[in-house]
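Novice: This is upload-v7.txt (compact mmCIF, C-alpha atoms).
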```
# COMPACT_ATOMS: atom_id res chain seq x y z
CA MET Y 1 40.56 -14.50 138.05
CA ILE Y 2 44.19 -13.73 138.99
CA ALA Y 3 45.35 -17.00 137.40
CA ARG Y 4 43.44 -16.16 134.22
CA ILE Y 5 45.00 -12.68 134.02
CA ALA Y 6 48.46 -14.18 134.55
CA ALA Y 7 47.86 -16.70 131.75
CA VAL Y 8 46.75 -13.91 129.42
CA LEU Y 9 49.82 -11.81 130.22
CA LEU Y 10 52.11 -14.76 129.65
CA ALA Y 11 50.37 -15.43 126.35
CA LEU Y 12 51.45 -11.97 125.20
CA LEU Y 13 55.15 -12.77 125.64
CA PRO Y 14 57.12 -13.13 122.40
CA PHE Y 15 58.02 -16.61 121.19
CA SER Y 16 61.67 -15.85 122.03
CA ALA Y 17 60.74 -16.14 125.71
CA MET Y 18 59.61 -19.68 125.06
CA ALA Y 19 62.90 -20.64 123.46
CA ALA Y 20 65.11 -19.20 126.20
CA GLU Y 21 66.94 -22.49 126.66
CA ASN Y 22 70.53 -22.29 125.46
CA VAL Y 23 70.91 -25.76 123.98
CA THR Y 24 74.00 -27.40 122.50
CA THR Y 25 74.19 -30.88 120.98
CA PHE Y 26 77.02 -33.19 120.03
CA GLU Y 27 77.67 -36.86 119.35
CA LEU Y 28 80.55 -38.99 120.60
CA ASP Y 29 82.49 -41.25 118.26
CA ASN Y 30 80.79 -44.31 119.80
CA GLY Y 31 77.34 -43.03 118.80
CA MET Y 32 76.19 -41.58 122.12
CA THR Y 33 74.20 -38.39 121.54
CA ALA Y 34 74.27 -35.50 124.00
CA VAL Y 35 72.18 -32.44 124.78
CA VAL Y 36 73.47 -29.63 127.02
CA ILE Y 37 71.00 -27.07 128.39
CA GLU Y 38 72.71 -24.08 129.98
CA ASP Y 39 71.13 -22.40 133.00
CA HIS Y 40 73.55 -20.41 135.15
CA ARG Y 41 71.11 -19.15 137.79
CA ALA Y 42 72.29 -21.66 140.41
CA PRO Y 43 75.45 -23.80 140.70
CA VAL Y 44 73.60 -27.09 140.22
CA VAL Y 45 73.28 -29.62 137.42
CA VAL Y 46 70.94 -32.41 136.39
CA HIS Y 47 72.71 -35.32 134.71
CA MET Y 48 70.56 -37.87 132.86
CA VAL Y 49 71.23 -40.93 130.71
CA TRP Y 50 68.30 -42.14 128.62
CA TYR Y 51 68.33 -45.56 126.98
CA ARG Y 52 66.14 -45.95 123.92
CA VAL Y 53 64.54 -49.10 125.25
CA GLY Y 54 61.53 -49.63 127.45
CA ALA Y 55 58.81 -52.06 128.39
CA ALA Y 56 57.42 -52.14 124.84
CA ASP Y 57 60.77 -53.47 123.57
CA GLU Y 58 60.77 -56.54 125.81
CA PRO Y 59 60.73 -60.00 124.22
CA ALA Y 60 57.39 -61.80 124.42
CA GLY Y 61 57.00 -63.61 127.73
CA LEU Y 62 59.44 -61.33 129.56
CA SER Y 63 57.17 -58.49 130.58
CA GLY Y 64 58.73 -56.46 133.36
CA VAL Y 65 62.35 -57.23 132.48
CA ALA Y 66 63.13 -53.59 131.58
CA HIS Y 67 61.87 -52.43 134.99
CA TYR Y 68 63.61 -55.36 136.69
CA LEU Y 69 66.91 -54.34 135.11
CA GLU Y 70 66.39 -50.74 136.21
CA HIS Y 71 66.29 -51.98 139.81
CA LEU Y 72 69.32 -54.20 139.31
CA MET Y 73 71.39 -51.31 137.94
CA PHE Y 74 71.86 -50.17 141.54
CA LYS Y 75 73.29 -53.53 142.70
CA GLY Y 76 76.94 -52.86 141.94
CA THR Y 77 79.57 -53.11 139.22
CA ASP Y 78 83.05 -54.55 138.87
CA GLU Y 79 84.31 -51.48 140.74
CA LEU Y 80 81.44 -50.61 143.11
CA ALA Y 81 79.72 -52.76 145.72
CA PRO Y 82 75.93 -52.73 146.08
CA GLY Y 83 74.89 -49.51 147.76
CA ASP Y 84 78.06 -47.60 146.84
CA PHE Y 85 76.36 -45.67 144.04
CA ASP Y 86 73.71 -44.33 146.38
CA ALA Y 87 76.21 -43.57 149.12
CA ILE Y 88 78.54 -41.63 146.80
CA VAL Y 89 75.76 -39.48 145.36
CA LYS Y 90 74.42 -38.65 148.82
CA ALA Y 91 77.88 -38.00 150.23
CA ASN Y 92 78.29 -35.37 147.52
CA GLY Y 93 75.04 -33.66 148.45
CA GLY Y 94 73.08 -35.05 145.52
CA SER Y 95 69.92 -37.01 144.85
CA HIS Y 96 69.22 -39.63 142.23
CA ASN Y 97 66.62 -42.01 140.85
CA ALA Y 98 65.54 -43.90 137.76
CA PHE Y 99 62.38 -44.69 135.82
CA THR Y 100 61.07 -47.15 133.23
CA ALA Y 101 58.46 -46.27 130.62
CA PRO Y 102 57.11 -48.08 127.57
CA ASP Y 103 59.61 -46.36 125.23
CA PHE Y 104 62.65 -45.52 127.34
CA THR Y 105 64.52 -46.06 130.59
CA GLY Y 106 66.24 -43.19 132.36
CA TYR Y 107 68.75 -42.62 135.17
CA PHE Y 108 69.43 -39.21 136.70
CA GLN Y 109 71.26 -37.32 139.41
CA ARG Y 110 70.94 -33.77 140.67
CA VAL Y 111 74.15 -32.43 142.24
CA ALA Y 112 76.38 -29.42 142.56
CA ALA Y 113 77.76 -28.46 139.16
CA ASP Y 114 81.35 -29.26 140.13
CA ARG Y 115 80.36 -32.89 140.78
CA LEU Y 116 79.23 -33.54 137.18
CA GLY Y 117 82.38 -35.47 136.27
CA LEU Y 118 81.88 -37.82 139.21
CA MET Y 119 78.27 -38.51 138.16
CA MET Y 120 79.44 -39.33 134.63
CA GLU Y 121 82.07 -41.66 136.04
CA LEU Y 122 79.43 -43.53 138.06
CA GLU Y 123 76.92 -43.77 135.22
CA ALA Y 124 79.51 -44.81 132.64
CA ASP Y 125 80.74 -47.51 134.99
CA ARG Y 126 77.38 -49.25 135.13
CA MET Y 127 76.64 -48.82 131.42
CA ARG Y 128 78.79 -51.86 130.63
CA ASP Y 129 80.21 -53.27 133.88
CA LEU Y 130 77.12 -54.29 135.84
CA ALA Y 131 77.93 -57.12 138.25
CA LEU Y 132 75.00 -59.24 139.47
CA THR Y 133 74.85 -62.14 141.86
CA GLU Y 134 72.03 -64.68 141.91
CA GLU Y 135 71.20 -63.56 145.43
CA HIS Y 136 70.76 -59.92 144.45
CA ALA Y 137 68.69 -60.87 141.39
CA ASP Y 138 66.40 -63.10 143.44
CA THR Y 139 65.99 -60.52 146.19
CA GLU Y 140 65.13 -57.74 143.76
CA ARG Y 141 62.59 -59.94 141.96
CA GLY Y 142 60.86 -60.29 145.33
CA VAL Y 143 60.98 -56.51 145.80
CA ILE Y 144 59.27 -55.98 142.44
CA LEU Y 145 56.62 -58.58 143.17
CA GLU Y 146 55.85 -56.73 146.39
CA GLU Y 147 55.83 -53.43 144.49
CA ARG Y 148 53.24 -54.90 142.14
CA ASN Y 149 51.22 -56.07 145.15
CA GLN Y 150 51.17 -52.59 146.64
CA ARG Y 151 50.71 -50.51 143.49
CA VAL Y 152 48.52 -52.81 141.37
CA GLU Y 153 47.05 -55.86 143.10
CA ASN Y 154 45.92 -53.83 146.12
CA GLU Y 155 44.71 -50.88 144.08
CA PRO Y 156 41.49 -51.51 142.10
CA ASN Y 157 41.96 -48.38 139.97
CA ALA Y 158 45.35 -49.69 138.84
CA LEU Y 159 43.92 -53.13 138.03
CA PHE Y 160 41.12 -51.49 136.06
CA ALA Y 161 43.54 -49.30 134.08
CA GLU Y 162 45.73 -52.33 133.36
CA GLN Y 163 42.76 -54.27 131.98
CA GLN Y 164 41.66 -51.30 129.89
CA ARG Y 165 45.08 -50.87 128.33
CA ALA Y 166 45.32 -54.57 127.53
CA ALA Y 167 41.93 -54.38 125.81
CA LEU Y 168 42.86 -51.29 123.79
CA TYR Y 169 45.98 -52.81 122.20
CA LEU Y 170 45.11 -56.00 120.35
CA ASN Y 171 48.68 -56.80 119.29
CA HIS Y 172 51.05 -53.99 120.25
CA PRO Y 173 53.18 -54.40 123.42
CA TYR Y 174 51.80 -51.14 124.82
CA GLY Y 175 49.06 -53.44 126.09
CA ARG Y 176 51.49 -54.94 128.62
CA PRO Y 177 52.04 -53.26 132.00
CA VAL Y 178 55.43 -51.63 132.47
CA ILE Y 179 55.92 -53.42 135.77
CA GLY Y 180 55.04 -56.70 134.05
CA TRP Y 181 52.42 -59.39 134.49
CA ARG Y 182 52.81 -61.06 137.86
CA SER Y 183 53.25 -64.56 136.40
CA GLU Y 184 56.08 -63.37 134.14
CA ILE Y 185 57.81 -61.29 136.83
CA ALA Y 186 58.01 -64.47 138.92
CA GLU Y 187 60.03 -66.12 136.14
CA LEU Y 188 62.60 -63.34 135.71
CA ASP Y 189 66.16 -64.13 136.75
CA ARG Y 190 69.75 -62.93 136.57
CA GLU Y 191 70.49 -64.27 133.09
CA LYS Y 192 67.33 -62.83 131.53
CA ALA Y 193 68.16 -59.42 132.99
CA LEU Y 194 71.77 -59.62 131.80
CA ASP Y 195 70.71 -60.65 128.29
CA PHE Y 196 68.49 -57.58 128.09
CA TYR Y 197 71.28 -55.41 129.52
CA ARG Y 198 73.90 -56.66 127.05
CA THR Y 199 71.53 -56.16 124.14
CA TYR Y 200 70.32 -52.63 124.80
CA TYR Y 201 72.61 -50.83 127.26
CA ALA Y 202 75.23 -49.31 124.98
CA PRO Y 203 76.38 -45.77 124.18
CA ASN Y 204 74.92 -45.92 120.67
CA ASN Y 205 71.51 -46.60 122.22
CA ALA Y 206 71.74 -43.79 124.78
CA THR Y 207 71.23 -40.05 125.06
CA LEU Y 208 73.10 -37.92 127.60
CA VAL Y 209 71.22 -34.85 128.83
CA VAL Y 210 72.96 -32.30 131.08
CA ALA Y 211 71.07 -29.25 132.31
CA GLY Y 212 72.33 -26.52 134.61
CA ASP Y 213 75.34 -24.37 135.42
CA VAL Y 214 77.69 -25.88 132.86
CA ASP Y 215 79.82 -24.98 129.88
CA PRO Y 216 79.09 -27.12 126.79
CA ALA Y 217 82.76 -27.47 125.92
CA GLU Y 218 83.55 -28.75 129.41
CA VAL Y 219 80.59 -31.14 129.28
CA ARG Y 220 81.89 -32.54 126.01
CA THR Y 221 85.37 -32.98 127.46
CA LEU Y 222 83.94 -34.85 130.44
CA ALA Y 223 81.67 -36.98 128.26
CA GLU Y 224 84.56 -37.95 125.98
CA ALA Y 225 86.64 -38.90 129.01
CA HIS Y 226 83.98 -41.03 130.75
CA TYR Y 227 81.58 -42.24 128.07
CA GLY Y 228 83.86 -42.00 125.03
CA PRO Y 229 85.98 -45.12 125.80
CA ILE Y 230 82.89 -47.38 125.96
CA ALA Y 231 82.62 -49.50 122.84
CA PRO Y 232 79.33 -49.27 120.92
CA SER Y 233 77.14 -52.30 120.37
CA GLY Y 234 77.65 -53.80 116.94
CA ASP Y 235 74.45 -55.83 116.94
CA LEU Y 236 71.86 -53.44 118.33
CA PRO Y 237 68.50 -54.77 117.09
CA PRO Y 238 66.26 -52.49 115.02
CA ARG Y 239 63.43 -50.91 116.94
CA VAL Y 240 60.47 -52.67 115.35
CA ARG Y 241 57.35 -53.53 117.34
CA PRO Y 242 54.31 -55.60 116.34
CA ALA Y 243 51.78 -53.33 114.62
CA GLU Y 244 48.14 -52.96 115.56
CA PRO Y 245 45.71 -54.62 113.14
CA PRO Y 246 42.59 -52.71 112.06
CA HIS Y 247 40.17 -52.31 114.96
CA LEU Y 248 36.76 -53.50 113.81
CA ALA Y 249 34.79 -53.68 117.04
CA GLU Y 250 34.31 -51.48 120.08
CA ARG Y 251 35.47 -53.11 123.30
CA ARG Y 252 34.07 -52.81 126.80
CA VAL Y 253 35.59 -53.59 130.20
CA ARG Y 254 33.59 -53.95 133.40
CA TYR Y 255 35.59 -54.34 136.55
CA SER Y 256 33.98 -54.84 139.95
CA ASP Y 257 35.78 -54.95 143.27
CA PRO Y 258 34.54 -54.51 146.86
CA ARG Y 259 37.43 -52.09 147.46
CA VAL Y 260 36.22 -49.54 144.89
CA ALA Y 261 35.53 -46.28 146.70
CA GLN Y 262 34.13 -44.33 143.76
CA PRO Y 263 32.71 -45.88 140.55
CA TYR Y 264 33.46 -44.09 137.27
CA VAL Y 265 33.42 -44.42 133.49
CA MET Y 266 36.61 -44.28 131.47
CA ARG Y 267 37.05 -44.34 127.71
CA ASN Y 268 40.29 -44.66 125.75
CA TYR Y 269 40.75 -44.27 121.99
CA LEU Y 270 43.76 -45.17 119.90
CA ALA Y 271 45.41 -41.90 118.87
CA PRO Y 272 48.38 -40.87 116.72
CA GLU Y 273 51.70 -40.06 118.35
CA ARG Y 274 53.91 -37.00 117.91
CA ASN Y 275 56.25 -37.40 114.94
CA SER Y 276 59.40 -35.57 113.95
CA GLY Y 277 58.77 -32.78 111.47
CA ASP Y 278 55.01 -33.34 111.60
CA GLN Y 279 53.72 -32.33 115.02
CA ARG Y 280 50.49 -30.56 114.13
CA ARG Y 281 48.10 -33.46 114.65
CA ALA Y 282 49.64 -34.26 118.05
CA ALA Y 283 49.47 -30.58 118.98
CA ALA Y 284 45.79 -30.45 117.99
CA LEU Y 285 45.05 -33.48 120.18
CA SER Y 286 46.99 -31.95 123.09
CA ILE Y 287 44.82 -28.84 122.90
CA LEU Y 288 41.69 -30.97 122.46
CA ALA Y 289 42.43 -32.80 125.71
CA ASP Y 290 42.78 -29.51 127.58
CA LEU Y 291 39.63 -28.10 125.99
CA LEU Y 292 37.56 -31.13 126.93
CA GLY Y 293 38.85 -31.89 130.39
CA GLY Y 294 42.14 -30.29 131.29
CA SER Y 295 40.95 -27.23 133.21
CA GLY Y 296 38.45 -28.47 135.76
CA LEU Y 297 35.08 -26.71 135.74
CA THR Y 298 36.11 -24.37 132.92
CA SER Y 299 36.62 -27.28 130.50
CA VAL Y 300 33.85 -28.56 128.23
CA LEU Y 301 33.21 -31.73 130.25
CA GLY Y 302 33.42 -29.88 133.55
CA GLU Y 303 31.06 -27.13 132.47
CA LYS Y 304 28.49 -29.42 130.83
CA LEU Y 305 28.50 -32.38 133.20
CA GLN Y 306 29.52 -30.89 136.55
CA LEU Y 307 28.11 -27.36 136.50
CA ASP Y 308 25.16 -27.46 134.12
CA ALA Y 309 23.73 -30.98 134.36
CA GLN Y 310 25.30 -31.81 137.75
CA ILE Y 311 25.65 -35.39 136.57
CA ALA Y 312 29.32 -35.69 137.55
CA ILE Y 313 31.52 -34.71 140.47
CA ALA Y 314 34.73 -34.98 138.45
CA THR Y 315 35.72 -35.16 134.78
CA SER Y 316 38.96 -35.15 132.85
CA ALA Y 317 40.53 -35.77 129.43
CA TYR Y 318 44.13 -36.69 128.72
CA TYR Y 319 46.56 -37.34 125.88
CA ASN Y 320 50.30 -38.00 125.98
CA PRO Y 321 51.88 -37.36 122.57
CA THR Y 322 55.39 -38.43 123.65
CA SER Y 323 55.15 -41.95 122.34
CA TYR Y 324 57.13 -43.97 119.78
CA ASP Y 325 54.01 -45.68 118.39
CA PRO Y 326 50.28 -44.81 118.40
CA THR Y 327 49.18 -43.72 121.85
CA ARG Y 328 45.89 -43.11 123.69
CA PHE Y 329 43.39 -40.31 124.02
CA GLY Y 330 41.20 -40.78 127.06
CA MET Y 331 38.60 -39.27 129.34
CA TYR Y 332 36.66 -40.19 132.45
CA VAL Y 333 33.47 -39.20 134.23
CA VAL Y 334 32.89 -39.73 137.95
CA PRO Y 335 29.09 -39.71 138.40
CA ALA Y 336 27.35 -37.75 141.10
CA ASP Y 337 25.49 -39.57 143.86
CA GLY Y 338 22.43 -41.31 142.44
CA VAL Y 339 23.67 -41.21 138.84
CA SER Y 340 24.32 -44.62 137.28
CA LEU Y 341 27.36 -45.48 135.20
CA GLU Y 342 25.04 -45.99 132.24
CA GLU Y 343 23.68 -42.45 132.66
CA ALA Y 344 27.17 -41.03 133.04
CA GLU Y 345 28.36 -42.70 129.85
CA ALA Y 346 25.30 -41.52 127.92
CA ALA Y 347 25.92 -37.97 129.15
CA LEU Y 348 29.56 -38.17 128.05
CA ASP Y 349 28.47 -39.25 124.58
CA ARG Y 350 25.99 -36.37 124.33
CA VAL Y 351 28.67 -33.83 125.21
CA LEU Y 352 31.11 -35.26 122.66
CA GLN Y 353 28.45 -35.27 119.94
CA ALA Y 354 27.55 -31.67 120.72
CA PHE Y 355 31.21 -30.64 120.67
CA LEU Y 356 31.69 -32.20 117.22
CA ALA Y 357 28.52 -30.51 115.95
CA GLU Y 358 29.14 -27.05 117.44
CA GLY Y 359 32.91 -26.84 117.06
CA VAL Y 360 35.52 -25.11 119.21
CA ASP Y 361 34.62 -22.04 121.22
CA PRO Y 362 37.14 -19.29 120.26
CA GLU Y 363 37.38 -17.90 123.80
CA GLN Y 364 38.01 -21.33 125.30
CA LEU Y 365 40.68 -22.00 122.68
CA GLU Y 366 42.55 -18.80 123.51
CA ARG Y 367 42.30 -19.52 127.22
CA VAL Y 368 43.74 -23.02 126.79
CA LYS Y 369 46.55 -21.78 124.55
CA GLY Y 370 47.44 -19.17 127.15
CA GLN Y 371 47.52 -21.78 129.90
CA MET Y 372 49.70 -24.13 127.84
CA ARG Y 373 52.09 -21.32 127.02
CA ALA Y 374 52.30 -20.36 130.69
CA ALA Y 375 53.00 -23.96 131.72
CA LEU Y 376 55.88 -24.23 129.25
CA ILE Y 377 57.35 -20.94 130.47
CA TYR Y 378 57.12 -21.97 134.13
CA GLU Y 379 58.75 -25.29 133.24
CA GLN Y 380 61.91 -23.41 132.29
CA ASP Y 381 62.51 -22.82 136.00
CA ASN Y 382 62.79 -26.56 136.63
CA LEU Y 383 66.04 -28.10 135.40
CA GLN Y 384 64.76 -31.63 135.70
CA SER Y 385 61.62 -30.86 133.71
CA LEU Y 386 63.71 -29.27 130.98
CA ALA Y 387 66.05 -32.24 130.87
CA ARG Y 388 63.10 -34.65 130.72
CA ARG Y 389 61.52 -32.65 127.91
CA TYR Y 390 64.54 -33.17 125.69
CA GLY Y 391 65.45 -36.67 126.86
CA ALA Y 392 61.99 -38.11 126.31
CA ALA Y 393 61.66 -36.48 122.92
CA LEU Y 394 65.01 -37.72 121.60
CA SER Y 395 64.26 -41.21 122.95
CA ILE Y 396 61.21 -41.54 120.68
CA GLY Y 397 62.82 -40.17 117.54
CA LEU Y 398 62.10 -36.44 117.83
CA THR Y 399 64.83 -33.84 117.41
CA VAL Y 400 65.97 -30.81 119.38
CA GLU Y 401 64.37 -28.70 116.67
CA ASP Y 402 61.05 -30.50 117.23
CA VAL Y 403 61.22 -29.75 120.96
CA GLN Y 404 62.01 -26.09 120.41
CA SER Y 405 59.31 -25.59 117.78
CA TRP Y 406 56.60 -27.33 119.83
CA PRO Y 407 55.40 -24.18 121.69
CA GLU Y 408 54.96 -22.29 118.42
CA VAL Y 409 53.20 -25.25 116.80
CA LEU Y 410 50.75 -25.37 119.71
CA GLN Y 411 49.97 -21.67 119.38
CA SER Y 412 49.40 -21.95 115.62
CA ILE Y 413 46.82 -24.75 115.76
CA THR Y 414 43.42 -23.73 114.44
CA ALA Y 415 39.93 -24.66 115.60
CA ASP Y 416 39.40 -26.56 112.34
CA GLU Y 417 42.49 -28.69 112.99
CA ILE Y 418 41.29 -29.53 116.48
CA LEU Y 419 37.84 -30.51 115.24
CA ALA Y 420 39.33 -32.64 112.45
CA ALA Y 421 41.59 -34.41 114.95
CA ALA Y 422 38.61 -35.08 117.23
CA GLU Y 423 36.49 -36.48 114.41
CA ASP Y 424 39.35 -38.76 113.38
CA VAL Y 425 40.18 -40.07 116.86
CA PHE Y 426 36.66 -40.45 118.28
CA ASP Y 427 36.08 -43.74 116.48
CA ARG Y 428 34.20 -46.12 118.73
CA GLN Y 429 35.61 -49.13 116.83
CA ALA Y 430 39.08 -48.10 118.02
CA SER Y 431 38.06 -47.55 121.64
CA VAL Y 432 37.57 -49.24 124.97
CA THR Y 433 34.90 -48.03 127.37
CA GLY Y 434 35.33 -49.20 130.93
CA TRP Y 435 33.18 -49.21 134.02
CA ILE Y 436 34.72 -49.67 137.45
CA MET Y 437 32.25 -50.37 140.24
CA ARG Y 438 31.80 -51.94 143.63
CA SER Y 439 30.99 -55.64 143.61
CA ASP Y 440 27.50 -55.01 144.92
CA GLN Y 441 26.66 -52.31 142.35
CA GLU Y 442 23.83 -53.02 139.94
CA VAL Y 443 24.79 -53.13 136.25
CA THR Y 444 22.04 -51.95 133.91
CA GLN Y 445 23.72 -52.25 130.54
```
Render the structure in this file as structure tokens.
Specialist:
Amino acid sequence: MIARIAAVLLALLPFSAMAAENVTTFELDNGMTAVVIEDHRAPVVVHMVWYRVGAADEPAGLSGVAHYLEHLMFKGTDELAPGDFDAIVKANGGSHNAFTAPDFTGYFQRVAADRLGLMMELEADRMRDLALTEEHADTERGVILEERNQRVENEPNALFAEQQRAALYLNHPYGRPVIGWRSEIAELDREKALDFYRTYYAPNNATLVVAGDVDPAEVRTLAEAHYGPIAPSGDLPPRVRPAEPPHLAERRVRYSDPRVAQPYVMRNYLAPERNSGDQRRAAALSILADLLGGSGLTSVLGEKLQLDAQIAIATSAYYNPTSYDPTRFGMYVVPADGVSLEEAEAALDRVLQAFLAEGVDPEQLERVKGQMRAALIYEQDNLQSLARRYGAALSIGLTVEDVQSWPEVLQSITADEILAAAEDVFDRQASVTGWIMRSDQEVTQ
């Protein structure tokens, strides 16, 4: 009850509270774009460099090379020995990490604000001067193979999700795992990583995001000093991926494994991404996901399947609009003891059909909008979340204006728009329904 009251109170805040970020943008002469988010509450800064390249941009047969290169970026440059980067950041009281996604690769540090110039110096150094030995490349390939063992091969849920994603995308590289297929990881080497690095790691394919206790003019001066001298790439390839053909048949995946602790049903649909200047459909799908399964027992799936019918012990729905190409809308149902996967799937279908027939409950819609508004307001207290919000958006072709208008777009979405989005996306021909079960579980369908 207290959480609901807080969400309602936050929902009454003016839109100006949602746009409290003081954001400045600029572009260097070499094509590197920059976003500065001022927050002077604490003398700290988050420094991020986002490259507009990810696992979906890898050449065919080289799955995992983007993630492989991310690891190798910590193995030294012409000026720094392996391990120096980490040691310098820690010696200055900071923390750092990196990540690879289908559409971008990012590197970040969180340090005291007066160490920002040093972080730029380190990141600019490895943007063009990465130095790799065969030994380091071979060792890191082994590290990634072991990472895949631990996170995928030894985790049946991860294997199941990987198979589902591969079945959903008939032609698009989103069907490949970010970490890569094991057989292709084993063939990665120093030269393949360096080819990818030389092609995509350039200032005109990067976005600098700085959030914290900084002055935009000083950030620009530092960026021009450290990143400005780096020459842009003159032959950066256009960002064109293979398109999905029309989906004419529903697909099903059944995965059995003796290690499965809890069987469940998962369904994924192809869904439109969030596009610059036209965010309403993505906003409608974001709200739809929260209405159906984003709020536990108060969501449609939770109320109908967990509370009323007691068919499930857990339900959820999800949608990530931050994608360069068409993304996924998904949901899952974990059946209660004694309920078969076939019964759980049938129950899911009944709830979806009823939702489409009955429409959106006005009270539920207002509750979800209040919760989404509250989440965005709370996020303003986290510098890294703010920086990621802008970095991810600009990496997929959105603008600062798109990011700042997103909260208002969400609040303006109508029940009719949500229902129309649901009717459009819930196309069984463009879906994959998966069952994950123990090896000894009986299959009745």
Novice: Mind checking which residues fall within 9 Å of region 72-76 of chain Y, counting all atoms listed in the file, ignoring those fewer than 5 positions away in the same chain, and posting them as a list in words?
Specialist: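 My reading of the contact set: His67, Ala81, Pro82, Gly83, Asp84, Phe85, Asp86, Arg126, Met127, Asp129, Leu130, Ala131, Leu132, Thr133, His136, Ala137, Glu140 and Ala193 of chain Y.
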Novice: Which is closer to Val425 (chain Y) than all the others in Y:Val300, Y:Leu288, Y:Ile37, Y:Val23, using all atoms listed in the file?
Specialist: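 Ranking Y:Val300, Y:Leu288, Y:Ile37, Y:Val23 by distance to Val425 (chain Y), first place goes to Y:Leu288.
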Novice: Which one is closest to Tyr264 (chain Y): Y:Val36, Y:Ala422, Y:Met437, Y:Ala167? Count only C-alpha atoms.
Specialist: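 Of Y:Val36, Y:Ala422, Y:Met437, Y:Ala167, the one nearest Tyr264 (chain Y), counting only C-alpha atoms, is Y:Met437.
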Novice: Hey, which of Y:Leu116, Y:Arg259, Y:Asp424, Y:Leu398 ends up closest to Gly277 (chain Y)? Count all atoms listed in the file.
Specialist: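 So, comparing all the options, the nearest one is Y:Leu398.
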Novice: Which residue gives the smallest distance to Leu222 (chain Y) among Y:Ser286, Y:Pro242, Y:Gly117, Y:Ser385, with all atoms listed in the file counted?
Specialist: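 Going through Y:Ser286, Y:Pro242, Y:Gly117, Y:Ser385 one by one, the smallest distance to Leu222 (chain Y) is for Y:Gly117.
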Novice: Contacts of Asp427 (chain Y) at 10 Å or less, counting all atoms listed in the file, minus same-chain residues fewer than 2 places along, as a PDB file with C-alpha atoms, in the frame of the given file?
Specialist:
```pdb
ATOM      1  CA  HIS Y 247      40.170 -52.310 114.960  1.00  0.00           C
ATOM      2  CA  GLU Y 250      34.310 -51.480 120.080  1.00  0.00           C
ATOM      3  CA  TYR Y 269      40.750 -44.270 121.990  1.00  0.00           C
ATOM      4  CA  LEU Y 270      43.760 -45.170 119.900  1.00  0.00           C
ATOM      5  CA  ALA Y 271      45.410 -41.900 118.870  1.00  0.00           C
ATOM      6  CA  ALA Y 422      38.610 -35.080 117.230  1.00  0.00           C
ATOM      7  CA  GLU Y 423      36.490 -36.480 114.410  1.00  0.00           C
ATOM      8  CA  ASP Y 424      39.350 -38.760 113.380  1.00  0.00           C
ATOM      9  CA  VAL Y 425      40.180 -40.070 116.860  1.00  0.00           C
ATOM     10  CA  GLN Y 429      35.610 -49.130 116.830  1.00  0.00           C
ATOM     11  CA  ALA Y 430      39.080 -48.100 118.020  1.00  0.00           C
ATOM     12  CA  SER Y 431      38.060 -47.550 121.640  1.00  0.00           C
TER      13      SER Y 431
END
```
Novice: When distances are computed from all atoms listed in the file, which of Y:Pro177, Y:Trp406, Y:Val49, Y:Ala87 shows the smallest separation from Glu162 (chain Y)?
Specialist: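 Among Y:Pro177, Y:Trp406, Y:Val49, Y:Ala87, it is Y:Pro177 that comes nearest to Glu162 (chain Y).
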Novice: Would you compute the distance between CA of Ser233 (chain Y) and CA of Met32 (chain Y)? Give it in Å to one decimal.
Specialist: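 Between CA of Ser233 (chain Y) and CA of Met32 (chain Y) the gap works out to 10.9 Å.
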Novice: Nearest to Tyr169 (chain Y) among Y:Ser395, Y:Thr327, Y:Thr100, Y:Asn275, with distances taken over all atoms listed in the file: which residue is it?
Specialist: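 So, comparing all the options, the nearest one is Y:Thr327.
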